[in-house]
Amino acid sequence: MNKRIAILATNGFEESELKSPKEAMEKEGFTVEIISENEGTIKAWADGNWSNEYKVDKTIENANASDYNALVLPGGVINPDKLRRNKNALKFVQHFFEQKKPVASICHGPQTLISAGVVKGRKMTSFNSIKDDLINAGANWVDEEVVVDEGFVTSRNPDDLPAFNSKLIEEIKEGKHTLQHA
């Protein structure tokens, strides 16, 4: 099953939340590309410190949502706060919803989705500290390990990664979801 997946991240992403889904998707035979603000590498955050660097495959300016089957947004505190201020990143996210493709986000990742205007009316979860932000943006927030709403997958934290990865892969295999919406 030849599927191309975009992981949108920048410096300060939670390492396990990029590495674990990426490895799980590659095990399925999917091509996974890291999309970021700048060329080169991005630096992970793990256990309260800077961690490994990951190679960027494409910049947001050179990436097109129509080239991918799904989008993954890892969390971390720094990463989504930077991405939500990047107009091109927000447009990139919106295009996946417009094209009815699976989108998955974990932990603080939904902060970017709030700024992209795609959470209103959606059932989802996140790291507890951004629960109020999601509710204020119109989301139906629930405290569950993994939530799926028409191809839109969310989880709370790194402990949820096994369930998150499993649902993410299932949604990618299902393909476009006609009821996926922003």
# chains A, B, ... in the order shown; residues from 1 in each chain; ligands from 1
$ select_by_dssp --residues "range 66-131 of chain A" --states "strand (DSSP E)" --output "list of chain:residue names"
A:Ala70, A:Leu71, A:Val72, A:Leu73, A:Val103, A:Ala104, A:Ser105, A:Ile106, A:Lys123, A:Met124
$ write_last_selection --atoms "C-alpha atoms" --output "short mmCIF file (atom, residue, chain, number, x, y, z; two decimals), in the first residue's frame"
data_model
loop_
_atom_site.label_atom_id
_atom_site.label_comp_id
_atom_site.auth_asym_id
_atom_site.auth_seq_id
_atom_site.Cartn_x
_atom_site.Cartn_y
_atom_site.Cartn_z
CA ALA A 70 -2.57 12.02 5.50
CA LEU A 71 -1.09 14.54 7.96
CA VAL A 72 0.39 13.96 11.43
CA LEU A 73 1.01 16.76 13.96
CA VAL A 103 -5.34 14.13 10.07
CA ALA A 104 -3.84 12.98 13.38
CA SER A 105 -2.58 15.09 16.27
CA ILE A 106 -1.32 14.30 19.75
CA LYS A 123 -14.90 15.33 18.98
CA MET A 124 -11.29 15.23 20.12
#
$ residues_around --residues "Val142 in chain A" --least-positions-apart "2" --cutoff "7 Å" --atoms "only C-alpha atoms" --output "PDB file with N, CA, C and O atoms, in the first residue's frame"
ATOM      1  N   MET A 124     -12.742  15.431  20.078  1.00  0.00           N
ATOM      2  CA  MET A 124     -11.294  15.229  20.116  1.00  0.00           C
ATOM      3  C   MET A 124     -10.771  15.259  21.543  1.00  0.00           C
ATOM      4  O   MET A 124     -11.482  15.613  22.471  1.00  0.00           O
ATOM      5  N   THR A 125      -9.493  14.885  21.673  1.00  0.00           N
ATOM      6  CA  THR A 125      -8.806  14.961  22.948  1.00  0.00           C
ATOM      7  C   THR A 125      -7.456  15.622  22.736  1.00  0.00           C
ATOM      8  O   THR A 125      -7.096  15.950  21.599  1.00  0.00           O
ATOM      9  N   ASN A 140     -15.535  19.397  20.928  1.00  0.00           N
ATOM     10  CA  ASN A 140     -16.171  18.559  21.943  1.00  0.00           C
ATOM     11  C   ASN A 140     -15.046  17.722  22.550  1.00  0.00           C
ATOM     12  O   ASN A 140     -14.712  16.657  22.053  1.00  0.00           O
ATOM     13  N   GLU A 144      -9.999  10.712  26.631  1.00  0.00           N
ATOM     14  CA  GLU A 144      -9.877   9.320  26.189  1.00  0.00           C
ATOM     15  C   GLU A 144      -8.513   9.124  25.547  1.00  0.00           C
ATOM     16  O   GLU A 144      -7.925  10.061  25.013  1.00  0.00           O
TER      17      GLU A 144
END
$ residues_around --residues "Lys120 in chain A" --least-positions-apart "4" --cutoff "12 Å" --atoms "only C-alpha atoms" --output "list in words"
Pro110, Leu113, Ile114, Ser115, Ala116, Met124, Asp133, Leu134, Ile135, Asn136, Ala137, Gly138, Ala139, Asn140, Trp141, His181 and Ala182 of chain A
$ closest_residue --among "A:Glu150, A:Glu28, A:Glu23, A:Asp57" --to "Leu8 in chain A" --atoms "only C-alpha atoms"
A:Asp57
$ residues_around --residues "range 36-47 of chain A" --least-positions-apart "4" --cutoff "6 Å" --atoms "only C-alpha atoms" --output "list in words"
Leu8, Ala9, Thr10, Asn11, Gly12, Phe13, Glu14, Glu15, Ser51, Asn52, Glu53, Tyr54, Lys55, Val56, Thr59 and Ile60 of chain A
$ write_last_selection --atoms "all heavy atoms" --output "CSV table (one decimal), in the first residue's frame"
chain,number,residue,atom,x,y,z
A,8,LEU,N,4.1,17.3,10.1
A,8,LEU,CA,4.4,18.7,10.1
A,8,LEU,C,4.9,19.0,11.5
A,8,LEU,O,4.3,18.8,12.5
A,8,LEU,CB,3.1,19.5,9.9
A,8,LEU,CG,3.2,21.1,10.0
A,8,LEU,CD1,4.2,21.6,8.9
A,8,LEU,CD2,1.8,21.7,9.8
A,9,ALA,N,6.2,19.5,11.6
A,9,ALA,CA,6.8,19.7,12.9
A,9,ALA,C,7.9,20.8,12.7
A,9,ALA,O,8.4,21.0,11.6
A,9,ALA,CB,7.4,18.5,13.4
A,10,THR,N,8.3,21.4,13.8
A,10,THR,CA,9.5,22.3,13.8
A,10,THR,C,10.2,22.1,15.1
A,10,THR,O,9.9,21.2,15.9
A,10,THR,CB,9.0,23.8,13.6
A,10,THR,OG1,10.1,24.6,13.3
A,10,THR,CG2,8.2,24.3,14.8
A,11,ASN,N,11.3,22.9,15.3
A,11,ASN,CA,12.1,22.7,16.5
A,11,ASN,C,11.2,22.7,17.8
A,11,ASN,O,10.3,23.5,17.9
A,11,ASN,CB,13.1,23.9,16.6
A,11,ASN,CG,14.2,23.7,15.6
A,11,ASN,OD1,14.7,22.7,15.3
A,11,ASN,ND2,14.5,24.8,14.9
A,12,GLY,N,11.5,21.8,18.7
A,12,GLY,CA,10.8,21.7,20.0
A,12,GLY,C,9.7,20.7,20.0
A,12,GLY,O,8.9,20.7,20.9
A,13,PHE,N,9.6,19.8,18.9
A,13,PHE,CA,8.5,18.8,19.0
A,13,PHE,C,8.9,17.7,20.0
A,13,PHE,O,10.1,17.5,20.3
A,13,PHE,CB,8.4,18.2,17.6
A,13,PHE,CG,9.6,17.4,17.1
A,13,PHE,CD1,9.7,16.1,17.3
A,13,PHE,CD2,10.5,18.1,16.3
A,13,PHE,CE1,10.9,15.4,16.9
A,13,PHE,CE2,11.7,17.4,15.9
A,13,PHE,CZ,11.8,16.1,16.2
A,14,GLU,N,7.9,17.1,20.5
A,14,GLU,CA,8.1,16.0,21.5
A,14,GLU,C,8.6,14.8,20.7
A,14,GLU,O,7.9,14.3,19.8
A,14,GLU,CB,6.8,15.7,22.2
A,14,GLU,CG,6.9,14.6,23.2
A,14,GLU,CD,7.8,14.9,24.4
A,14,GLU,OE1,7.7,16.1,24.9
A,14,GLU,OE2,8.5,14.0,24.9
A,15,GLU,N,9.8,14.4,21.0
A,15,GLU,CA,10.5,13.4,20.2
A,15,GLU,C,9.7,12.1,20.0
A,15,GLU,O,9.5,11.6,18.8
A,15,GLU,CB,11.9,13.0,20.7
A,15,GLU,CG,12.7,12.1,19.8
A,15,GLU,CD,14.1,12.1,20.2
A,15,GLU,OE1,14.5,12.3,21.3
A,15,GLU,OE2,14.9,11.8,19.2
A,51,SER,N,17.0,17.3,22.3
A,51,SER,CA,17.4,15.9,22.0
A,51,SER,C,18.0,15.8,20.5
A,51,SER,O,18.6,16.7,20.1
A,51,SER,CB,16.2,15.0,22.2
A,51,SER,OG,16.6,13.6,22.0
A,52,ASN,N,17.6,14.7,19.8
A,52,ASN,CA,18.2,14.4,18.5
A,52,ASN,C,17.6,15.4,17.4
A,52,ASN,O,16.6,16.0,17.6
A,52,ASN,CB,17.8,13.0,18.1
A,52,ASN,CG,18.4,12.0,19.1
A,52,ASN,OD1,19.6,12.0,19.3
A,52,ASN,ND2,17.6,11.2,19.7
A,53,GLU,N,18.4,15.5,16.3
A,53,GLU,CA,18.0,16.2,15.2
A,53,GLU,C,17.4,15.3,14.2
A,53,GLU,O,17.8,14.1,14.0
A,53,GLU,CB,19.2,17.0,14.6
A,53,GLU,CG,19.6,18.1,15.5
A,53,GLU,CD,20.6,19.0,14.8
A,53,GLU,OE1,21.0,18.8,13.7
A,53,GLU,OE2,21.1,20.0,15.5
A,54,TYR,N,16.4,15.7,13.4
A,54,TYR,CA,15.7,15.0,12.4
A,54,TYR,C,15.8,15.7,11.1
A,54,TYR,O,15.5,16.9,11.1
A,54,TYR,CB,14.2,14.7,12.8
A,54,TYR,CG,14.1,13.7,13.9
A,54,TYR,CD1,14.4,14.0,15.2
A,54,TYR,CD2,13.7,12.4,13.7
A,54,TYR,CE1,14.4,13.1,16.3
A,54,TYR,CE2,13.7,11.4,14.7
A,54,TYR,CZ,14.0,11.8,16.0
A,54,TYR,OH,13.9,10.9,17.0
A,55,LYS,N,16.0,15.0,10.0
A,55,LYS,CA,16.2,15.6,8.7
A,55,LYS,C,14.8,16.1,8.2
A,55,LYS,O,13.8,15.3,8.2
A,55,LYS,CB,16.8,14.6,7.7
A,55,LYS,CG,17.0,15.2,6.3
A,55,LYS,CD,17.5,14.1,5.4
A,55,LYS,CE,17.6,14.5,4.0
A,55,LYS,NZ,16.3,15.0,3.4
A,56,VAL,N,14.8,17.3,7.7
A,56,VAL,CA,13.5,17.8,7.1
A,56,VAL,C,13.6,17.4,5.6
A,56,VAL,O,14.5,17.6,4.9
A,56,VAL,CB,13.5,19.4,7.2
A,56,VAL,CG1,12.4,20.0,6.3
A,56,VAL,CG2,13.4,19.8,8.6
A,59,THR,N,10.2,21.9,2.9
A,59,THR,CA,9.7,23.0,3.6
A,59,THR,C,8.2,23.1,3.3
A,59,THR,O,7.8,22.6,2.3
A,59,THR,CB,10.4,24.3,3.2
A,59,THR,OG1,10.1,24.5,1.8
A,59,THR,CG2,11.9,24.3,3.4
A,60,ILE,N,7.5,23.8,4.2
A,60,ILE,CA,6.1,24.0,4.1
A,60,ILE,C,5.8,24.7,2.7
A,60,ILE,O,4.9,24.3,2.0
A,60,ILE,CB,5.5,24.9,5.2
A,60,ILE,CG1,5.7,24.1,6.6
A,60,ILE,CG2,4.1,25.2,5.0
A,60,ILE,CD1,5.6,25.0,7.8
$ closest_residue --among "A:Glu170, A:Asp160, A:Asp81, A:Glu145" --to "Pro102 in chain A" --atoms "only C-alpha atoms"
A:Glu170
$ residues_around --residues "Glu171 in chain A" --least-positions-apart "6" --cutoff "12 Å" --atoms "only C-alpha atoms" --output "MDAnalysis selection string"
chainID A and resid 3 5 25 69:72 100:104 147:154 164:165 177 180
$ select_by_dssp --residues "range 81-163 of chain A" --states "alpha helix (DSSP H)" --output "ChimeraX atom specification"
/A:81-83,87-98,110-116,131-136,161-163
$ atom_distance --atom1 "CA of Gly175 in chain A" --atom2 "CA of Phe96 in chain A"
11.9 Å
$ closest_residue --among "A:Lys58, A:Lys19, A:Lys131, A:Arg4" --to "Cys107 in chain A" --atoms "only C-alpha atoms"
A:Lys131
$ atom_distance --atom1 "CA of Ser16 in chain A" --atom2 "CA of Asp159 in chain A"
9.7 Å
$ atom_distance --atom1 "CA of Gly121 in chain A" --atom2 "CA of Ile7 in chain A"
24.0 Å
$ closest_residue --among "A:Asn62, A:Asn157, A:Thr112, A:Ser166" --to "Ile34 in chain A" --atoms "only C-alpha atoms"
A:Asn62
$ closest_residue --among "A:Ser20, A:Ser66, A:Thr31, A:Asn128" --to "Asn2 in chain A" --atoms "only C-alpha atoms"
A:Thr31
